[in-house]
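As structure tokens, the structure follows; a few thoughts come after it.
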Amino acid sequence: MATMTKADIVEQVYDNLDGFSKKESADIVEMVFESIKETLETGEKIKISGFGNFVVRQKKERTGRNPQTGEEIRIAPRKVLTFKPSQVLKNAINT
Amino acid sequence: MTRGELIERVARECQINLKQAEIVVSTIFRAMSETLADGGRVEIRGFGSFEVRAYAAYKGRNPKTGREVMVGPKKAPFFKTGKELRERINGEG
């Protein structure tokens with residue numbers, strides 16, 4: 001099955017939104033993702049009921065190993081984004 | 001930020017009304033949900049990608065009673081953060 005991209009989403013938004021051009025629809029879709037990104041950047045979580053939550057987590061520094069060479073490497077502290085799907089989405093995927 | 005707050009923000013930033021912003025936000029998440037429900041993949045450049053992963057059945061335990069339970073095979077959505085977003089979250093953007 002083909003991968004859905006932003007262009008496919010813009011197409012659907014354009015179909016559902018009266019009085020906006022394709023370009024305007026694309027700009028609005030872009031702003032939705034940009035708003036989400038800016039919010040996550042500040043460390044604040046995003047809660048989309050019916051879809052899921054995006055949460056930024058702080059990871060501590062740890063020591064890892066290069067699986068090829070066996071050499072020990074320091075993994076710097078960093079932030080990671082996790083997605084927790086809602087029950088509604090989990091159910092939709094399993095039916 | 002909740003779904004409602006996202007709608008308000010998009011309405012403000014794009015100078016559209018709340019009803020229009022609501023249509024946009026719900027269309028986006030409905031489109032992604034439907035694709036995943038069909039077993040498809042979603043890729044939003046700069047944000048991340050979603051795919052469905054299948055998990056085999058396993059023997060688990062009810063944490064309250066300690067009793068062993070069989071957990072059936074299931075599918076679950078998996079999200080991989082895009083490069084741009086990962087860098088921005090780490091202040092490298």
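Order determines the names: the first chain of the structure tokens is A, the second B, and so forth; residues in each chain are numbered 1 upward, and ligands are numbered 1 upward as they are shown.
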
### Task
Mind checking which residues fall within 6 Å of Ile48 of chain A, counting only C-alpha atoms, ignoring those fewer than 4 positions away in the same chain, and posting them as a ChimeraX atom specification?
/A:52-53 /B:2-3

Dump N, CA, C and O atoms for the selected residues as a short mmCIF file (atom, residue, chain, number, x, y, z; two decimals), in the first residue's frame?
data_model
loop_
_atom_site.label_atom_id
_atom_site.label_comp_id
_atom_site.auth_asym_id
_atom_site.auth_seq_id
_atom_site.Cartn_x
_atom_site.Cartn_y
_atom_site.Cartn_z
N GLY A 52 -4.15 10.45 19.76
CA GLY A 52 -3.11 10.06 20.71
C GLY A 52 -2.37 11.26 21.27
O GLY A 52 -2.67 12.41 20.91
N ASN A 53 -1.41 10.98 22.13
CA ASN A 53 -0.62 12.04 22.77
C ASN A 53 0.84 11.98 22.33
O ASN A 53 1.40 10.89 22.19
N THR B 2 -4.08 20.85 23.85
CA THR B 2 -5.12 19.90 23.46
C THR B 2 -5.55 20.15 22.01
O THR B 2 -5.15 21.15 21.41
N ARG B 3 -6.40 19.26 21.53
CA ARG B 3 -6.95 19.38 20.19
C ARG B 3 -7.68 20.73 20.03
O ARG B 3 -7.52 21.42 19.03
#

Hey, could you make a per-residue contact list for chain B against chain A with 8 Å as the cut-off, showing the nearest pair of atoms and its distance in Å to one decimal, counting only C-alpha atoms, sorted by chain and number, as a tab-separated table?
residue	atom	partner	partner_atom	distance
B:Met1	CA	A:Ile46	CA	4.8
B:Thr2	CA	A:Lys47	CA	4.7
B:Arg3	CA	A:Ile48	CA	4.8
B:Leu6	CA	A:Ser35	CA	7.3
B:Arg9	CA	A:Ser35	CA	7.5
B:Val10	CA	A:Val32	CA	6.1
B:Glu13	CA	A:Met31	CA	7.6
B:Cys14	CA	A:Ile28	CA	6.5
B:Gln20	CA	A:Leu17	CA	6.9
B:Ile23	CA	A:Leu17	CA	7.0
B:Val24	CA	A:Val13	CA	5.8
B:Val25	CA	A:Val32	CA	7.2
B:Thr27	CA	A:Val13	CA	6.0
B:Ile28	CA	A:Ile9	CA	6.1
B:Phe29	CA	A:Phe51	CA	6.8
B:Ala31	CA	A:Ile9	CA	6.7
B:Met32	CA	A:Met4	CA	7.8
B:Ser33	CA	A:Leu89	CA	6.6
B:Thr35	CA	A:Met4	CA	7.2
B:Leu36	CA	A:Ile93	CA	6.4
B:Ala37	CA	A:Ile93	CA	4.2
B:Asp38	CA	A:Ile93	CA	7.2
B:Gly39	CA	A:Ile93	CA	7.3
B:Gly40	CA	A:Met1	CA	5.9
B:Arg41	CA	A:Thr3	CA	4.9
B:Val42	CA	A:Met4	CA	4.6
B:Glu43	CA	A:Thr5	CA	5.1
B:Ile44	CA	A:Lys6	CA	5.6
B:Arg45	CA	A:Lys6	CA	7.5
B:Phe47	CA	A:Phe33	CA	7.3
B:Val52	CA	A:Ile93	CA	7.9
B:Lys74	CA	A:Asn94	CA	6.7
B:Lys75	CA	A:Asn94	CA	6.0
B:Ala76	CA	A:Lys90	CA	6.1
B:Pro77	CA	A:Pro85	CA	6.9
B:Phe78	CA	A:Phe83	CA	7.6
B:Phe79	CA	A:Phe83	CA	6.1
B:Thr81	CA	A:Leu81	CA	6.6
B:Leu85	CA	A:Lys37	CA	6.6
B:Arg86	CA	A:Val80	CA	7.1
B:Arg88	CA	A:Glu41	CA	6.0
B:Ile89	CA	A:Glu41	CA	4.6
B:Asn90	CA	A:Lys79	CA	5.9
B:Gly91	CA	A:Glu41	CA	7.7

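On the backbone of this structure, DSSP gives strand (DSSP E) within segment 12-93 of chain B to Arg41, Val42, Glu43, Ile44, Gly48, Ser49, Phe50, Glu51, Val52, Arg53, Ala54, Tyr55, Tyr58, Lys59, Gly60, Arg61, Glu68, Val69, Met70, Val71, Lys74, Lys75, Ala76, Pro77, Phe78, Phe79, Lys80 and Thr81 of chain B.
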
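The residues of segment 24-60 of chain B that DSSP assigns to alpha helix (DSSP H) on this backbone come out as Val24, Val25, Ser26, Thr27, Ile28, Phe29, Arg30, Ala31, Met32, Ser33, Glu34, Thr35, Leu36 and Ala37 of chain B.
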
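Here atom CA of Gly82 of chain B and atom CA of Ile7 of chain B stand 22.8 Å from one another.
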
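One finds atom CA of Gly72 of chain B at 7.3 Å from atom CA of Ala56 of chain B.
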
### Query
Mind pulling up the distance from atom CA of Ala54 of chain B to atom CA of Pro73 of chain B?
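These atoms are spaced 7.4 Å apart.
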